[in-house]
Structure formats: structure tokens, C-alpha cells
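Everything below belongs to entry_31.cif, which stores mmCIF, C-alpha atoms.
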```
data_start
#
loop_
_atom_site.label_atom_id
_atom_site.label_comp_id
_atom_site.auth_asym_id
_atom_site.auth_seq_id
_atom_site.Cartn_x
_atom_site.Cartn_y
_atom_site.Cartn_z
CA MET A 1 142.90 110.04 85.05
CA GLN A 2 139.59 109.76 86.87
CA PHE A 3 136.53 111.90 86.15
CA ASP A 4 137.05 114.15 89.19
CA GLU A 5 140.55 115.02 87.95
CA LEU A 6 139.31 116.40 84.61
CA SER A 7 139.02 120.08 83.73
CA ASP A 8 135.50 121.54 83.59
CA GLU A 9 135.57 121.44 79.79
CA ALA A 10 136.72 117.80 79.75
CA LYS A 11 134.05 116.90 82.33
CA ALA A 12 131.39 118.48 80.11
CA HIS A 13 132.68 116.44 77.17
CA ALA A 14 132.67 113.21 79.24
CA ILE A 15 129.14 113.95 80.46
CA GLU A 16 127.86 114.45 76.91
CA ASN A 17 129.57 111.26 75.73
CA GLU A 18 128.01 109.35 78.61
CA ARG A 19 124.58 110.83 77.90
CA GLN A 20 124.79 109.68 74.27
CA ALA A 21 125.97 106.20 75.24
CA TRP A 22 123.53 105.85 78.13
CA TYR A 23 120.48 107.21 76.40
CA GLY A 24 119.76 104.05 74.41
CA TYR A 25 120.20 100.75 76.16
CA PHE A 26 120.41 101.64 79.83
CA GLU A 27 117.61 104.18 79.70
CA THR A 28 115.27 101.72 78.01
CA ARG A 29 116.08 98.84 80.32
CA ASP A 30 115.98 100.84 83.55
CA LEU A 31 112.82 102.79 82.84
CA THR A 32 111.01 99.68 81.62
CA GLU A 33 111.92 98.02 84.94
CA GLU A 34 110.44 101.02 86.77
CA PHE A 35 107.22 100.62 84.79
CA LYS A 36 107.08 96.87 85.57
CA TRP A 37 107.51 97.62 89.25
CA ALA A 38 104.52 99.99 89.11
CA LEU A 39 102.23 97.80 86.97
CA GLU A 40 102.64 94.41 88.64
CA PRO A 41 100.79 95.11 91.92
CA LEU A 42 97.91 96.60 89.92
CA GLY A 43 97.48 93.38 87.97
CA PHE A 44 98.40 94.94 84.65
CA PRO A 45 100.67 93.06 82.22
CA THR A 46 104.42 93.55 82.45
CA ASP A 47 105.74 91.28 79.69
CA ASP A 48 105.12 93.72 76.83
CA ILE A 49 105.62 97.34 77.84
CA ALA A 50 105.98 99.86 75.02
CA TRP A 51 106.90 103.48 75.54
CA SER A 52 108.12 106.47 73.66
CA LEU A 53 108.86 109.61 75.62
CA SER A 54 110.47 112.08 73.26
CA SER A 55 107.79 114.80 73.36
CA CYS A 56 106.37 113.80 69.98
CA GLN A 57 102.91 112.96 68.72
CA GLY A 58 101.91 109.46 69.73
CA ASP A 59 104.25 109.36 72.71
CA GLY A 60 103.21 107.66 75.90
CA VAL A 61 103.25 104.35 77.74
CA ALA A 62 101.28 101.22 76.86
CA PHE A 63 101.27 97.72 78.30
CA TYR A 64 99.91 94.62 76.60
CA GLY A 65 99.10 91.10 77.69
CA ASP A 66 96.97 89.28 80.22
CA VAL A 67 95.54 91.22 83.14
CA ASP A 68 95.89 89.40 86.46
CA LEU A 69 92.28 89.89 87.55
CA ALA A 70 92.93 88.58 91.07
CA ALA A 71 95.61 91.25 91.66
CA TYR A 72 93.55 93.87 89.82
CA MET A 73 90.44 93.22 91.94
CA LYS A 74 92.55 93.20 95.11
CA TRP A 75 93.85 96.64 94.13
CA LYS A 76 90.33 97.91 93.35
CA THR A 77 88.57 96.49 96.44
CA PRO A 78 89.75 99.07 99.01
CA PHE A 79 88.25 101.75 96.79
CA GLY A 80 84.92 99.93 96.64
CA SER A 81 85.00 99.78 92.88
CA THR A 82 84.93 96.07 92.10
CA PRO A 83 82.02 95.03 89.89
CA LYS A 84 78.95 94.24 91.94
CA ALA A 85 78.36 91.02 90.04
CA TYR A 86 81.98 89.80 90.33
CA ASP A 87 83.14 87.51 93.10
CA GLU A 88 86.20 85.34 93.71
CA GLU A 89 84.35 82.21 92.61
CA LEU A 90 84.15 83.69 89.11
CA GLU A 91 87.90 84.34 88.86
CA TRP A 92 88.55 81.20 86.85
CA LEU A 93 85.68 82.00 84.45
CA VAL A 94 86.82 85.50 83.47
CA SER A 95 89.90 86.52 81.51
CA CYS A 96 91.01 89.97 80.47
CA LYS A 97 93.82 91.08 78.21
CA LEU A 98 95.09 94.28 76.69
CA VAL A 99 95.94 94.14 73.00
CA SER A 100 97.54 96.71 70.74
CA ASN A 101 95.41 98.51 68.19
CA SER A 102 98.32 100.46 66.68
CA ASN A 103 101.37 99.54 64.65
CA HIS A 104 103.13 102.82 65.23
CA TYR A 105 102.22 104.52 68.50
CA CYS A 106 102.24 103.49 72.15
CA HIS A 107 100.04 105.38 74.58
CA TYR A 108 96.83 104.99 76.56
CA ASN A 109 94.68 104.98 73.45
CA THR A 110 96.56 102.12 71.75
CA MET A 111 95.32 99.50 74.23
CA THR A 112 92.11 97.60 73.58
CA VAL A 113 90.49 95.70 76.45
CA GLU A 114 89.25 92.21 75.67
CA VAL A 115 87.23 90.44 78.37
CA ASP A 116 86.14 86.83 77.92
CA PHE A 117 83.88 84.71 80.04
CA ILE A 118 83.69 80.93 79.94
CA ASP A 119 80.01 80.21 79.51
CA THR A 120 79.06 77.43 81.91
CA HIS A 121 75.36 77.72 81.01
CA ASP A 122 74.73 78.62 84.63
CA ASP A 123 71.89 81.13 84.92
CA GLU A 124 73.21 82.31 88.29
CA TYR A 125 75.47 84.89 86.65
CA ASP A 126 74.63 87.60 84.15
CA TYR A 127 77.80 87.32 82.09
CA ARG A 128 77.14 90.42 79.99
CA VAL A 129 76.92 92.60 83.10
CA ILE A 130 80.16 91.22 84.52
CA ILE A 131 82.01 91.54 81.21
CA ASN A 132 80.76 95.11 80.66
CA GLU A 133 81.64 96.19 84.21
CA ILE A 134 85.16 94.74 84.08
CA GLU A 135 85.77 96.16 80.61
CA ALA A 136 84.63 99.65 81.66
CA MET A 137 86.75 99.58 84.84
CA VAL A 138 89.90 98.39 83.07
CA LYS A 139 89.43 100.92 80.24
CA ASP A 140 89.24 103.77 82.75
CA ASP A 141 92.18 102.51 84.75
CA ILE A 142 94.54 101.92 81.82
CA VAL A 143 94.04 105.55 80.80
CA SER A 144 94.86 106.92 84.24
CA VAL A 145 97.74 104.48 84.85
CA SER A 146 99.21 105.14 81.39
CA HIS A 147 99.07 108.91 81.98
CA ALA A 148 100.70 108.50 85.41
CA LEU A 149 103.50 106.34 83.97
CA GLU A 150 104.05 108.81 81.14
CA LYS A 151 104.38 111.69 83.59
CA TYR A 152 106.70 109.65 85.80
CA GLY A 153 108.74 108.54 82.75
CA TYR A 154 109.36 112.08 81.54
CA SER A 155 110.39 113.11 85.05
CA TRP A 156 112.65 110.08 85.43
CA LEU A 157 114.34 110.65 82.08
CA GLU A 158 114.90 114.31 82.82
CA GLY A 159 116.46 113.52 86.17
CA GLU A 160 118.59 110.61 84.97
CA SER A 161 119.92 112.47 81.95
CA SER A 162 120.71 115.74 83.73
CA ASP A 163 124.33 116.90 83.86
CA GLU A 164 124.28 116.60 87.64
CA ALA A 165 123.04 112.99 87.66
CA ILE A 166 125.53 111.90 85.00
CA ALA A 167 128.42 113.70 86.71
CA GLU A 168 127.56 111.94 89.97
CA ARG A 169 127.53 108.54 88.24
CA LEU A 170 130.86 109.22 86.55
CA ALA A 171 132.47 110.51 89.74
CA ASN A 172 131.42 107.35 91.59
CA ASP A 173 132.55 105.04 88.79
CA ASP A 174 136.27 104.34 89.06
CA TRP A 175 136.08 101.73 86.31
CA TRP A 176 137.02 104.15 83.52
CA ASP A 177 140.07 106.30 82.88
CA TYR A 178 139.88 109.44 80.74
CA ASP A 179 142.31 111.37 78.61
CA GLU A 180 142.71 115.13 79.13
CA ASP A 181 139.84 115.85 76.70
CA GLY A 182 137.38 113.70 78.65
CA ASP A 183 137.33 110.69 76.31
CA ARG A 184 137.44 107.24 77.82
CA ILE A 185 140.75 105.59 77.11
CA ALA A 186 140.94 102.34 79.10
CA GLN A 187 139.42 100.37 81.85
CA THR A 188 141.17 100.48 85.17
CA ALA A 189 142.34 97.07 86.29
CA VAL A 190 139.99 95.63 88.89
CA ALA A 191 141.73 94.08 91.86
#
```
Structure translated into C-alpha cells:
Amino acid sequence: MQFDELSDEAKAHAIENERQAWYGYFETRDLTEEFKWALEPLGFPTDDIAWSLSSCQGDGVAFYGDVDLAAYMKWKTPFGSTPKAYDEELEWLVSCKLVSNSNHYCHYNTMTVEVDFIDTHDDEYDYRVIINEIEAMVKDDIVSVSHALEKYGYSWLEGESSDEAIAERLANDDWWDYDEDGDRIAQTAVA
């Protein structure tokens, strides 16, 4: 029988089984994709996103790797907050990455900003000023972005794992059949 045909008690059982099965793999994959979608236009790395959102100490969202400074500066420019000494001609001379400073936790305070500048021995640029400005900007922004992603993540998890959201998914999924207790018993043949 399909989910909609189950008794209320069997539906509750099916929902709890789905929550337990869904909570691991799908939750991790889907929420990580949401975080990538938010980080990419800001220029922040998306290849190594770590998060733990179980309301415990050390929970949060962190992202590690190379910062795309071109995208980052494009995001910052409308707000008038790009470094005064930075210009597009310097893009190829500056690199920035976020590295982990923790083996256990993942949150805003586990990311260290590393800014490097290729020294061309050109006295036109004060490299220390540029490096310090970029480092300070990125440090501030990773804190605010990490907090925003953490807040969004908790909200997303709460919504996706609610009884209502799971029941809607199960009602719209005619792939599974259930026994009278709400346990999955077989896959329906797909035509």
C-alpha cells in the first residue's frame, strides 16, 4: 500500500523510519549543496565545506580552500569596501586561502586566513598594506558568512526533518510500498 493509505500510527512509524534513514546521507549532501550555492558568488571556497549542526559545542559551518579574489572583490565593490590599495592589475599577484586550525570543530573560528603576495620588487605597491587590508576584510566576512550559514542550516534542517515535510515527501513518492505497520516492503515496479 502507498503512504496515503496507511493508518495515522503507521504513517508516524514510516515518517520516523524515513527521518532516521534520511538524516545521514541526504541531509549532508543536500545541505552542503545549499552552502556551496551561497558561498560561490562570494568568492569563498566550496570544495571543502565542513559543518556540524547538532546544537553542541563547536558546531557551526566552515569552508576551506582558495578564495576567488576576483569574485570576492566583485561582491565587495558595491559596498565600497574593497581595499584602497587593491586594483584588478594586482589580481594575479595576490592569493588568499582559508585553512583549518582545528582537528575537531568546524565553525567561524576554525578558519585561518592566509594572504600571499608575489613580490615583484616593484615599489609602486605597498604589499604589507594590501595583504593586511585583504586579510582583515576576509576575516570579518568569514565570521559573518559562517554565522549566516549556520543560522540557515539549522532552519533548513528543522524544516526538512519536520513531520510535515517528510510526510509530504512520502506522499509524493510512489516508489515505495508499505506494510500495515508502515515499514517499507518492496519497490513498486516502474513502468
Atom CA of A:Lys97 to atom CA of A:Thr32, distance in Å rounded to a single decimal
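Interatomic distance here is 19.5 Å.
Of the listed residues A:Phe35, A:Phe63, A:Phe3, A:Tyr72, the one whose atoms come nearest to A:Ser100 is A:Phe63, with distances taken using all atoms listed in the file.
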I need the residue set behind the PyMOL selection byres ((chain A and resi 101-117) around 6) for this file; please write it as a list in words.
Ala50, Trp51, Gly58, Gly60, Val61, Ala62, Leu93, Val94, Ser95, Cys96, Lys97, Leu98, Val99, Ser100, Ile118, Asp119, Val143 and Ser146 of chain A
Put a box with edges along x, y and z around all the listed atoms of stretch 160-176 of chain A, pad it by 5 Å on each side, then give me its centre and sizes in Å, one decimal, as lines of an AutoDock Vina configuration file.
```
center_x = 127.8
center_y = 109.3
center_z = 86.8
size_x = 28.4
size_y = 25.2
size_z = 19.6
```
Minimum-distance residue to A:Lys139, chosen among A:Ser52, A:Asp183, A:Lys11, A:Val67 (using all atoms listed in the file)
A:Val67
Since I can't run it myself right now, could you work out what the PyMOL selection byres ((chain A and resi 2) around 12) selects here and report it as a compact mmCIF listing (two decimals) with C-alpha atoms, keeping the file's coordinate frame?
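Saved file expr_27.txt follows:
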```
# COMPACT_ATOMS: atom_id res chain seq x y z
CA MET A 1 142.90 110.04 85.05
CA PHE A 3 136.53 111.90 86.15
CA ASP A 4 137.05 114.15 89.19
CA GLU A 5 140.55 115.02 87.95
CA LEU A 6 139.31 116.40 84.61
CA SER A 7 139.02 120.08 83.73
CA ALA A 10 136.72 117.80 79.75
CA LYS A 11 134.05 116.90 82.33
CA ALA A 14 132.67 113.21 79.24
CA ALA A 167 128.42 113.70 86.71
CA LEU A 170 130.86 109.22 86.55
CA ALA A 171 132.47 110.51 89.74
CA ASN A 172 131.42 107.35 91.59
CA ASP A 173 132.55 105.04 88.79
CA ASP A 174 136.27 104.34 89.06
CA TRP A 175 136.08 101.73 86.31
CA TRP A 176 137.02 104.15 83.52
CA ASP A 177 140.07 106.30 82.88
CA TYR A 178 139.88 109.44 80.74
CA ASP A 179 142.31 111.37 78.61
CA GLU A 180 142.71 115.13 79.13
CA ASP A 181 139.84 115.85 76.70
CA GLY A 182 137.38 113.70 78.65
CA ASP A 183 137.33 110.69 76.31
CA ARG A 184 137.44 107.24 77.82
CA ILE A 185 140.75 105.59 77.11
CA ALA A 186 140.94 102.34 79.10
CA GLN A 187 139.42 100.37 81.85
CA THR A 188 141.17 100.48 85.17
```
Answer key for the PyMOL selection byres ((chain A and resi 17-19) around 9), residues as an mmCIF file with C-alpha atoms, in the coordinates of the input:
```cif
data_model
loop_
_atom_site.group_PDB
_atom_site.id
_atom_site.type_symbol
_atom_site.label_atom_id
_atom_site.label_comp_id
_atom_site.auth_asym_id
_atom_site.auth_seq_id
_atom_site.Cartn_x
_atom_site.Cartn_y
_atom_site.Cartn_z
ATOM 1 C CA ALA A 12 131.390 118.480 80.110
ATOM 2 C CA HIS A 13 132.680 116.440 77.170
ATOM 3 C CA ALA A 14 132.670 113.210 79.240
ATOM 4 C CA ILE A 15 129.140 113.950 80.460
ATOM 5 C CA GLU A 16 127.860 114.450 76.910
ATOM 6 C CA GLN A 20 124.790 109.680 74.270
ATOM 7 C CA ALA A 21 125.970 106.200 75.240
ATOM 8 C CA TRP A 22 123.530 105.850 78.130
ATOM 9 C CA TYR A 23 120.480 107.210 76.400
ATOM 10 C CA SER A 161 119.920 112.470 81.950
ATOM 11 C CA SER A 162 120.710 115.740 83.730
ATOM 12 C CA ASP A 163 124.330 116.900 83.860
ATOM 13 C CA ILE A 166 125.530 111.900 85.000
ATOM 14 C CA LEU A 170 130.860 109.220 86.550
ATOM 15 C CA GLY A 182 137.380 113.700 78.650
ATOM 16 C CA ASP A 183 137.330 110.690 76.310
#
```
When you draw a straight line from atom CA of A:Tyr127 to atom CA of A:Trp92, how long is it in Å?
13.3 Å
Find the residue from A:Met137, A:Ala38, A:Ser54, A:Arg29 that sits nearest to A:Glu158; use all atoms listed in the file when measuring.
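With all atoms listed in the file as the atom set, the closest residue is A:Ser54.
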Give me the residues near A:Gly153 as a ChimeraX atom specification, where near means some atom within 8 Å (using all atoms listed in the file) and where sequence neighbours in that chain fewer than 4 positions away do not count.
/A:31,53,149,157
Point-to-point distance from atom CA of A:Met73 to atom CA of A:Asn132, Å rounded to tenths
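Here the two named atoms are 15.0 Å from each other.
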